[in-house]
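input.cif (mmCIF, C-alpha atoms (C1' of nucleotides))
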```
data_my_file
loop_
_atom_site.group_PDB
_atom_site.id
_atom_site.type_symbol
_atom_site.label_atom_id
_atom_site.label_comp_id
_atom_site.auth_asym_id
_atom_site.auth_seq_id
_atom_site.Cartn_x
_atom_site.Cartn_y
_atom_site.Cartn_z
ATOM 1 C CA MET H 1167 -11.992 13.469 33.453
ATOM 2 C CA LEU H 1168 -8.236 13.050 33.431
ATOM 3 C CA ARG H 1169 -6.323 13.519 36.659
ATOM 4 C CA ILE H 1170 -3.530 15.119 34.665
ATOM 5 C CA SER H 1171 -3.905 16.443 31.128
ATOM 6 C CA LEU H 1172 -1.661 15.050 28.439
ATOM 7 C CA TYR H 1173 0.067 18.376 27.980
ATOM 8 C CA GLU H 1174 0.668 18.640 31.721
ATOM 9 C CA LEU H 1175 2.048 15.119 31.615
ATOM 10 C CA TYR H 1176 4.419 16.168 28.842
ATOM 11 C CA HIS H 1177 5.700 19.137 30.834
ATOM 12 C CA THR H 1178 6.040 17.096 34.011
ATOM 13 C CA LEU H 1179 8.105 14.450 32.243
ATOM 14 C CA LEU H 1180 10.165 17.153 30.538
ATOM 15 C CA ASP H 1181 10.865 18.861 33.863
ATOM 16 C CA ILE H 1182 12.026 15.611 35.429
ATOM 17 C CA TYR H 1183 13.956 13.987 32.593
ATOM 18 C CA GLY H 1184 14.909 16.915 30.355
ATOM 19 C CA TYR H 1185 15.068 16.852 26.554
ATOM 20 C CA GLN H 1186 15.774 13.364 25.200
ATOM 21 C CA ASN H 1187 16.845 14.526 21.725
ATOM 22 C CA TRP H 1188 15.510 11.496 19.886
ATOM 23 C CA TRP H 1189 16.313 10.015 17.390
ATOM 24 C CA PRO H 1190 19.956 9.483 18.456
ATOM 25 C CA VAL H 1191 22.312 9.557 15.454
ATOM 26 C CA ASP H 1192 26.076 9.728 15.103
ATOM 27 C CA GLU H 1193 26.251 13.171 13.498
ATOM 28 C CA HIS H 1194 30.034 13.163 13.274
ATOM 29 C CA TYR H 1195 30.020 9.817 11.473
ATOM 30 C CA HIS H 1196 27.647 11.021 8.761
ATOM 31 C CA LYS H 1197 29.279 14.439 8.408
ATOM 32 C CA SER H 1198 32.727 12.985 7.890
ATOM 33 C CA ARG H 1199 31.517 10.363 5.400
ATOM 34 C CA GLY H 1200 28.859 12.306 3.564
ATOM 35 C CA THR H 1201 26.171 9.761 4.435
ATOM 36 C CA ASP H 1202 22.611 10.718 5.304
ATOM 37 C CA PRO H 1203 21.814 10.667 9.042
ATOM 38 C CA ARG H 1204 18.206 9.864 8.146
ATOM 39 C CA ASP H 1205 19.420 6.496 6.866
ATOM 40 C CA GLU H 1206 20.550 5.659 10.387
ATOM 41 C CA ILE H 1207 17.079 6.461 11.730
ATOM 42 C CA ILE H 1208 15.374 4.275 9.125
ATOM 43 C CA ILE H 1209 17.777 1.387 9.767
ATOM 44 C CA GLY H 1210 17.439 1.767 13.541
ATOM 45 C CA THR H 1211 13.653 1.733 13.266
ATOM 46 C CA ILE H 1212 13.688 -1.731 11.723
ATOM 47 C CA LEU H 1213 16.400 -3.103 13.992
ATOM 48 C CA THR H 1214 14.687 -2.015 17.208
ATOM 49 C CA GLN H 1215 11.463 -3.897 16.492
ATOM 50 C CA GLY H 1216 10.755 -5.976 19.596
ATOM 51 C CA THR H 1217 14.345 -5.531 20.727
ATOM 52 C CA ALA H 1218 16.258 -3.663 23.420
ATOM 53 C CA TRP H 1219 18.036 -0.604 22.038
ATOM 54 C CA LYS H 1220 21.307 -1.795 23.554
ATOM 55 C CA ASN H 1221 21.298 -4.730 21.141
ATOM 56 C CA VAL H 1222 20.516 -2.417 18.230
ATOM 57 C CA GLU H 1223 23.608 -0.372 19.086
ATOM 58 C CA LYS H 1224 25.762 -3.457 18.719
ATOM 59 C CA ALA H 1225 24.299 -4.118 15.285
ATOM 60 C CA LEU H 1226 24.793 -0.497 14.214
ATOM 61 C CA GLU H 1227 28.419 -0.666 15.351
ATOM 62 C CA ASN H 1228 28.940 -3.824 13.310
ATOM 63 C CA ILE H 1229 27.561 -2.106 10.219
ATOM 64 C CA LYS H 1230 29.826 0.903 10.764
ATOM 65 C CA LYS H 1231 32.840 -1.290 11.359
ATOM 66 C CA GLU H 1232 32.396 -3.738 8.494
ATOM 67 C CA GLY H 1233 30.621 -1.516 6.014
ATOM 68 C CA GLU H 1234 28.750 1.786 5.981
ATOM 69 C CA LEU H 1235 25.741 2.966 7.933
ATOM 70 C CA SER H 1236 23.636 3.898 4.927
ATOM 71 C CA LEU H 1237 20.773 2.598 2.822
ATOM 72 C CA ARG H 1238 23.028 2.231 -0.215
ATOM 73 C CA PHE H 1239 25.192 -0.182 1.785
ATOM 74 C CA ILE H 1240 22.087 -2.141 2.779
ATOM 75 C CA ARG H 1241 21.114 -2.338 -0.893
ATOM 76 C CA LYS H 1242 24.447 -3.604 -2.148
ATOM 77 C CA THR H 1243 25.170 -6.091 0.646
ATOM 78 C CA ASN H 1244 23.870 -9.628 0.228
ATOM 79 C CA HIS H 1245 21.405 -11.174 2.651
ATOM 80 C CA GLU H 1246 23.862 -13.480 4.422
ATOM 81 C CA GLU H 1247 26.418 -10.752 5.074
ATOM 82 C CA LEU H 1248 23.760 -8.303 6.255
ATOM 83 C CA ALA H 1249 22.168 -10.892 8.540
ATOM 84 C CA LYS H 1250 25.546 -11.601 10.102
ATOM 85 C CA LEU H 1251 26.195 -7.932 10.838
ATOM 86 C CA ILE H 1252 22.831 -7.313 12.489
ATOM 87 C CA LYS H 1253 22.733 -10.585 14.416
ATOM 88 C CA PRO H 1254 22.946 -8.963 17.894
ATOM 89 C CA SER H 1255 19.637 -7.158 17.271
ATOM 90 C CA GLY H 1256 17.720 -10.444 17.127
ATOM 91 C CA PHE H 1257 15.193 -11.715 14.546
ATOM 92 C CA TYR H 1258 18.116 -11.132 12.231
ATOM 93 C CA LYS H 1259 16.999 -13.127 9.210
ATOM 94 C CA ALA H 1260 13.624 -11.393 9.086
ATOM 95 C CA LYS H 1261 15.177 -7.993 9.778
ATOM 96 C CA ALA H 1262 17.756 -8.429 7.011
ATOM 97 C CA GLU H 1263 14.904 -8.894 4.542
ATOM 98 C CA ARG H 1264 12.974 -5.962 5.987
ATOM 99 C CA LEU H 1265 16.023 -3.711 5.722
ATOM 100 C CA LYS H 1266 16.448 -4.719 2.089
ATOM 101 C CA ARG H 1267 12.830 -3.924 1.241
ATOM 102 C CA VAL H 1268 12.919 -0.570 3.026
ATOM 103 C CA ALA H 1269 16.274 0.392 1.500
ATOM 104 C CA ASN H 1270 14.984 -0.430 -1.975
ATOM 105 C CA PHE H 1271 11.815 1.539 -1.308
ATOM 106 C CA PHE H 1272 13.889 4.624 -0.489
ATOM 107 C CA ASN H 1273 15.756 4.426 -3.770
ATOM 108 C CA PRO H 1274 16.376 6.920 -5.228
ATOM 109 C CA THR H 1275 17.020 8.605 -1.913
ATOM 110 C CA ASP H 1276 15.542 11.783 -0.489
ATOM 111 C CA VAL H 1277 11.920 10.745 -0.860
ATOM 112 C CA VAL H 1278 11.507 10.288 2.888
ATOM 113 C CA ARG H 1279 10.052 13.775 3.272
ATOM 114 C CA LYS H 1280 7.387 13.200 0.634
ATOM 115 C CA VAL H 1281 6.372 9.615 1.326
ATOM 116 C CA SER H 1282 2.963 8.882 2.842
ATOM 117 C CA ARG H 1283 2.064 6.642 5.776
ATOM 118 C CA GLU H 1284 -0.031 4.459 3.468
ATOM 119 C CA GLU H 1285 2.904 3.858 1.145
ATOM 120 C CA LEU H 1286 5.165 2.886 4.028
ATOM 121 C CA LEU H 1287 2.565 0.486 5.422
ATOM 122 C CA LYS H 1288 2.578 -1.424 2.134
ATOM 123 C CA ILE H 1289 6.172 -2.519 2.773
ATOM 124 C CA LYS H 1290 6.229 -5.968 4.375
ATOM 125 C CA GLY H 1291 7.988 -5.528 7.705
ATOM 126 C CA VAL H 1292 6.866 -1.949 8.259
ATOM 127 C CA GLY H 1293 3.909 -1.695 10.628
ATOM 128 C CA LYS H 1294 2.238 1.336 12.129
ATOM 129 C CA GLU H 1295 4.882 2.139 14.685
ATOM 130 C CA SER H 1296 7.793 1.792 12.281
ATOM 131 C CA ALA H 1297 5.974 3.862 9.655
ATOM 132 C CA ASP H 1298 5.225 6.627 12.127
ATOM 133 C CA ALA H 1299 8.758 6.564 13.543
ATOM 134 C CA ILE H 1300 10.254 6.946 10.071
ATOM 135 C CA LEU H 1301 7.815 9.737 9.219
ATOM 136 C CA LEU H 1302 8.346 11.684 12.457
ATOM 137 C CA TYR H 1303 12.042 11.203 13.154
ATOM 138 C CA ALA H 1304 13.457 10.825 9.635
ATOM 139 C CA GLY H 1305 10.855 12.773 7.662
ATOM 140 C CA ASP H 1306 9.936 15.514 10.138
ATOM 141 C CA LYS H 1307 6.276 14.814 9.433
ATOM 142 C CA LEU H 1308 3.743 15.684 12.130
ATOM 143 C CA THR H 1309 2.610 12.230 13.198
ATOM 144 C CA PHE H 1310 2.735 10.751 16.689
ATOM 145 C CA VAL H 1311 4.477 7.455 17.370
ATOM 146 C CA VAL H 1312 2.662 5.011 19.644
ATOM 147 C CA ASP H 1313 4.532 2.013 21.004
ATOM 148 C CA ALA H 1314 4.181 -0.718 23.634
ATOM 149 C CA TYR H 1315 5.385 1.695 26.327
ATOM 150 C CA THR H 1316 2.758 4.262 25.357
ATOM 151 C CA ILE H 1317 -0.003 1.687 25.471
ATOM 152 C CA ARG H 1318 1.173 0.382 28.856
ATOM 153 C CA LEU H 1319 1.541 3.822 30.438
ATOM 154 C CA PHE H 1320 -1.801 5.141 29.176
ATOM 155 C CA LYS H 1321 -3.607 2.008 30.242
ATOM 156 C CA ARG H 1322 -2.261 2.334 33.754
ATOM 157 C CA LEU H 1323 -2.345 6.099 34.107
ATOM 158 C CA TYR H 1324 -5.719 6.780 32.475
ATOM 159 C CA ASN H 1325 -7.223 3.330 31.984
ATOM 160 C CA ILE H 1326 -7.250 4.013 28.247
ATOM 161 C CA GLU H 1327 -7.217 0.793 26.254
ATOM 162 C CA GLY H 1328 -4.772 0.148 23.432
ATOM 163 C CA ASP H 1329 -5.718 0.143 19.752
ATOM 164 C CA TYR H 1330 -2.929 1.974 18.040
ATOM 165 C CA ASP H 1331 -4.842 4.434 15.880
ATOM 166 C CA ARG H 1332 -7.286 5.452 18.585
ATOM 167 C CA LEU H 1333 -4.504 6.230 21.062
ATOM 168 C CA LYS H 1334 -2.531 8.026 18.370
ATOM 169 C CA ALA H 1335 -5.492 10.232 17.485
ATOM 170 C CA LEU H 1336 -6.222 10.977 21.132
ATOM 171 C CA ILE H 1337 -2.681 12.149 21.788
ATOM 172 C CA GLU H 1338 -2.474 14.163 18.569
ATOM 173 C CA ASP H 1339 -5.700 15.935 19.530
ATOM 174 C CA SER H 1340 -4.506 16.662 23.072
ATOM 175 C CA ILE H 1341 -1.107 18.306 22.667
ATOM 176 C CA PRO H 1342 0.116 21.158 20.432
ATOM 177 C CA ARG H 1343 0.756 20.169 16.817
ATOM 178 C CA ASP H 1344 4.499 20.629 17.016
ATOM 179 C CA ILE H 1345 7.173 18.315 15.621
ATOM 180 C CA THR H 1346 9.573 18.820 18.501
ATOM 181 C CA ILE H 1347 6.862 18.165 21.086
ATOM 182 C CA TYR H 1348 5.793 14.982 19.282
ATOM 183 C CA LYS H 1349 9.387 13.748 19.185
ATOM 184 C CA GLU H 1350 10.096 14.600 22.790
ATOM 185 C CA PHE H 1351 6.811 13.354 24.239
ATOM 186 C CA HIS H 1352 7.237 9.937 22.674
ATOM 187 C CA ALA H 1353 10.831 9.729 23.924
ATOM 188 C CA LEU H 1354 9.851 10.913 27.406
ATOM 189 C CA ILE H 1355 7.085 8.317 27.630
ATOM 190 C CA ASP H 1356 9.618 5.617 26.788
ATOM 191 C CA THR H 1357 12.112 6.917 29.319
ATOM 192 C CA HIS H 1358 9.515 6.977 32.072
ATOM 193 C CA ALA H 1359 8.223 3.522 31.165
ATOM 194 C CA LYS H 1360 11.755 2.133 31.309
ATOM 195 C CA MET H 1361 12.526 3.718 34.678
ATOM 196 C CA TYR H 1362 9.230 3.477 36.602
ATOM 197 C CA CYS H 1363 6.267 2.215 34.595
ATOM 198 C CA LYS H 1364 8.059 -1.039 33.859
ATOM 199 C CA SER H 1365 6.521 -4.427 33.223
ATOM 200 C CA THR H 1366 6.335 -4.676 37.016
ATOM 201 C CA PRO H 1367 5.915 -1.012 37.954
ATOM 202 C CA ARG H 1368 7.710 0.853 40.724
ATOM 203 C CA CYS H 1369 4.649 2.825 41.782
ATOM 204 C CA GLY H 1370 5.896 3.566 45.277
ATOM 205 C CA GLU H 1371 8.743 5.651 43.872
ATOM 206 C CA CYS H 1372 6.853 7.065 40.875
ATOM 207 C CA PHE H 1373 6.216 10.825 40.873
ATOM 208 C CA LEU H 1374 3.026 10.252 38.880
ATOM 209 C CA LYS H 1375 1.348 7.982 41.431
ATOM 210 C CA ASP H 1376 -1.028 10.698 42.655
ATOM 211 C CA PHE H 1377 -2.379 11.042 39.105
ATOM 212 C CA CYS H 1378 -2.391 7.337 38.270
ATOM 213 C CA ILE H 1379 -5.535 5.234 38.424
ATOM 214 C CA SER H 1380 -3.707 1.907 38.686
ATOM 215 C CA ALA H 1381 -1.265 3.059 41.365
ATOM 216 C CA ILE H 1382 -4.084 4.034 43.711
ATOM 217 C CA GLN H 1383 -5.898 0.735 43.386
ATOM 218 C CA SER H 1384 -3.438 -2.061 43.461
ATOM 219 C CA PHE H 1385 0.261 -1.287 43.378
ATOM 220 C "C1'" DC X 1059 15.866 -20.970 35.423
ATOM 221 C "C1'" DC X 1060 12.803 -16.986 34.364
ATOM 222 C "C1'" DC X 1061 11.197 -12.476 31.923
ATOM 223 C "C1'" DC X 1062 11.692 -8.714 28.880
ATOM 224 C "C1'" DA X 1063 13.158 -5.458 25.199
ATOM 225 C "C1'" DG X 1064 11.911 1.552 21.220
ATOM 226 C "C1'" DG X 1065 7.131 -4.896 16.414
ATOM 227 C "C1'" DG X 1066 5.190 -7.262 12.702
ATOM 228 C "C1'" DA X 1067 3.377 -11.156 9.939
ATOM 229 C "C1'" DC X 1068 0.572 -14.760 9.947
ATOM 230 C "C1'" DA X 1069 -2.619 -18.386 11.796
ATOM 231 C "C1'" DT X 1070 -6.390 -19.460 14.662
ATOM 232 C "C1'" DT X 1071 -10.733 -18.652 17.046
ATOM 233 C "C1'" DA P 319 -12.007 -8.130 15.845
ATOM 234 C "C1'" DA P 320 -9.388 -10.134 19.277
ATOM 235 C "C1'" DT P 321 -5.813 -13.388 20.625
ATOM 236 C "C1'" DG P 322 -1.771 -16.613 20.027
ATOM 237 C "C1'" DT P 323 2.691 -17.815 18.030
ATOM 238 C "C1'" DC P 324 6.881 -17.200 15.916
ATOM 239 C "C1'" DC P 325 10.991 -14.682 14.969
ATOM 240 C "C1'" DA P 326 16.261 -14.550 18.279
ATOM 241 C "C1'" DT P 327 19.906 -12.059 20.742
ATOM 242 C "C1'" DG P 328 21.484 -10.260 25.120
ATOM 243 C "C1'" DG P 329 20.874 -8.338 29.752
ATOM 244 C "C1'" DG P 330 18.830 -8.449 34.401
#
```
Turn this file's structure into structure tokens for me.
Amino acid sequence: MLRISLYELYHTLLDIYGYQNWWPVDEHYHKSRGTDPRDEIIIGTILTQGTAWKNVEKALENIKKEGELSLRFIRKTNHEELAKLIKPSGFYKAKAERLKRVANFFNPTDVVRKVSREELLKIKGVGKESADAILLYAGDKLTFVVDAYTIRLFKRLYNIEGDYDRLKALIEDSIPRDITIYKEFHALIDTHAKMYCKSTPRCGECFLKDFCISAIQSF
DNA sequence: CCCCAGGGACATT
DNA sequence: AATGTCCATGGG
């Protein structure tokens, strides 16, 4: 028996924070250069692994400044140069290799809409969250993205334990099967987790405390 | 100084 | 199947 249904949670977060419009891309950049904005989403997905988005933005700016924010640029740039450009995003040597593998996978381009989750998961460096993020935000495929914030919020709010696929299935079965709602809900969860349901939560100020199991007990 | 951030691979138990 | 460790920069 949930104190607040998942769909009510979605609407509550939407009322408070408004539309997040994820995934953020520089539309003007891609329009003026003829590059694919989906490339930016795929690149950002790898760069943000275990890393604050602020640091990813620095890396993306470096790529724009010194090269081109596209998968073809990733393919033609050597490892050392690529690693140097993405250094601010951390884990840069591993991420340079992951970017190369993903960029080569999406060659020829425009297969992102047809690719399956299983195929993406075969790429070393692409786990469940990255695969789902690419599918949902770059491929407009109806699949929900679970991340560390989702697991933390749902554990506290509902006492639902992690396990990626179980949580993913639960959410997909609890809200309307709509691409925009999937995109927004995931983004809203992250926004709320960053502002209130942080590593050390600010339960006293949180507007969800009356619905939250953890807040009542200990915070 | 500490902890944490839009994860994932790999080793250990 | 769970848990630990490493990868690494930058901000609070």
Residues of chain P within 9 Å of chain H, all atoms listed in the file counted, as a VMD selection string: chain P and resid 325 to 328
Interface list for chain X, partner chain H, 9 Å threshold, all atoms listed in the file, as an MDAnalysis selection string: chainID X and resid 1062:1067
Output check: residues returned by the PyMOL selection byres ((chain H and resi 1168-1183) around 12), as a PyMOL selection string: chain H and resi 1167+1184-1187+1319-1320+1323-1326+1333+1336-1343+1346-1359+1361-1362+1372-1379
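For Glu1247 (chain H), the set of protein, DNA and RNA residues having any atom at most 10 Å away, when counting all atoms listed in the file and skipping those fewer than 6 positions along the same chain, is H:Glu1232, H:Ile1240, H:Ala1262.
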Residues returned when the PyMOL selection byres ((chain H and resi 1234) around 12) runs on this file, as a PyMOL selection string: chain H and resi 1195-1196+1199-1203+1205-1206+1209+1225-1233+1235-1243+1248+1251
Interatomic distance, CA of Ser1198 (chain H) to CA of Lys1266 (chain H) (Å, one decimal):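 Calculated distance between CA of Ser1198 (chain H) and CA of Lys1266 (chain H) is 24.7 Å.
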Residues matched by the PyMOL selection byres ((chain P and resi 321) around 12), written as a list in words: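 So the PyMOL selection byres ((chain P and resi 321) around 12), applied here, picks out DA1069, DT1070 and DT1071 of chain X; DA319, DA320, DG322 and DT323 of chain P.
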Gap from CA of Pro1190 (chain H) to CA of Ile1345 (chain H) - Å, one decimal: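 Here the two named atoms are 15.8 Å from each other.
For the pair CA of His1245 (chain H) and CA of Ile1208 (chain H), the separation is 17.8 Å.
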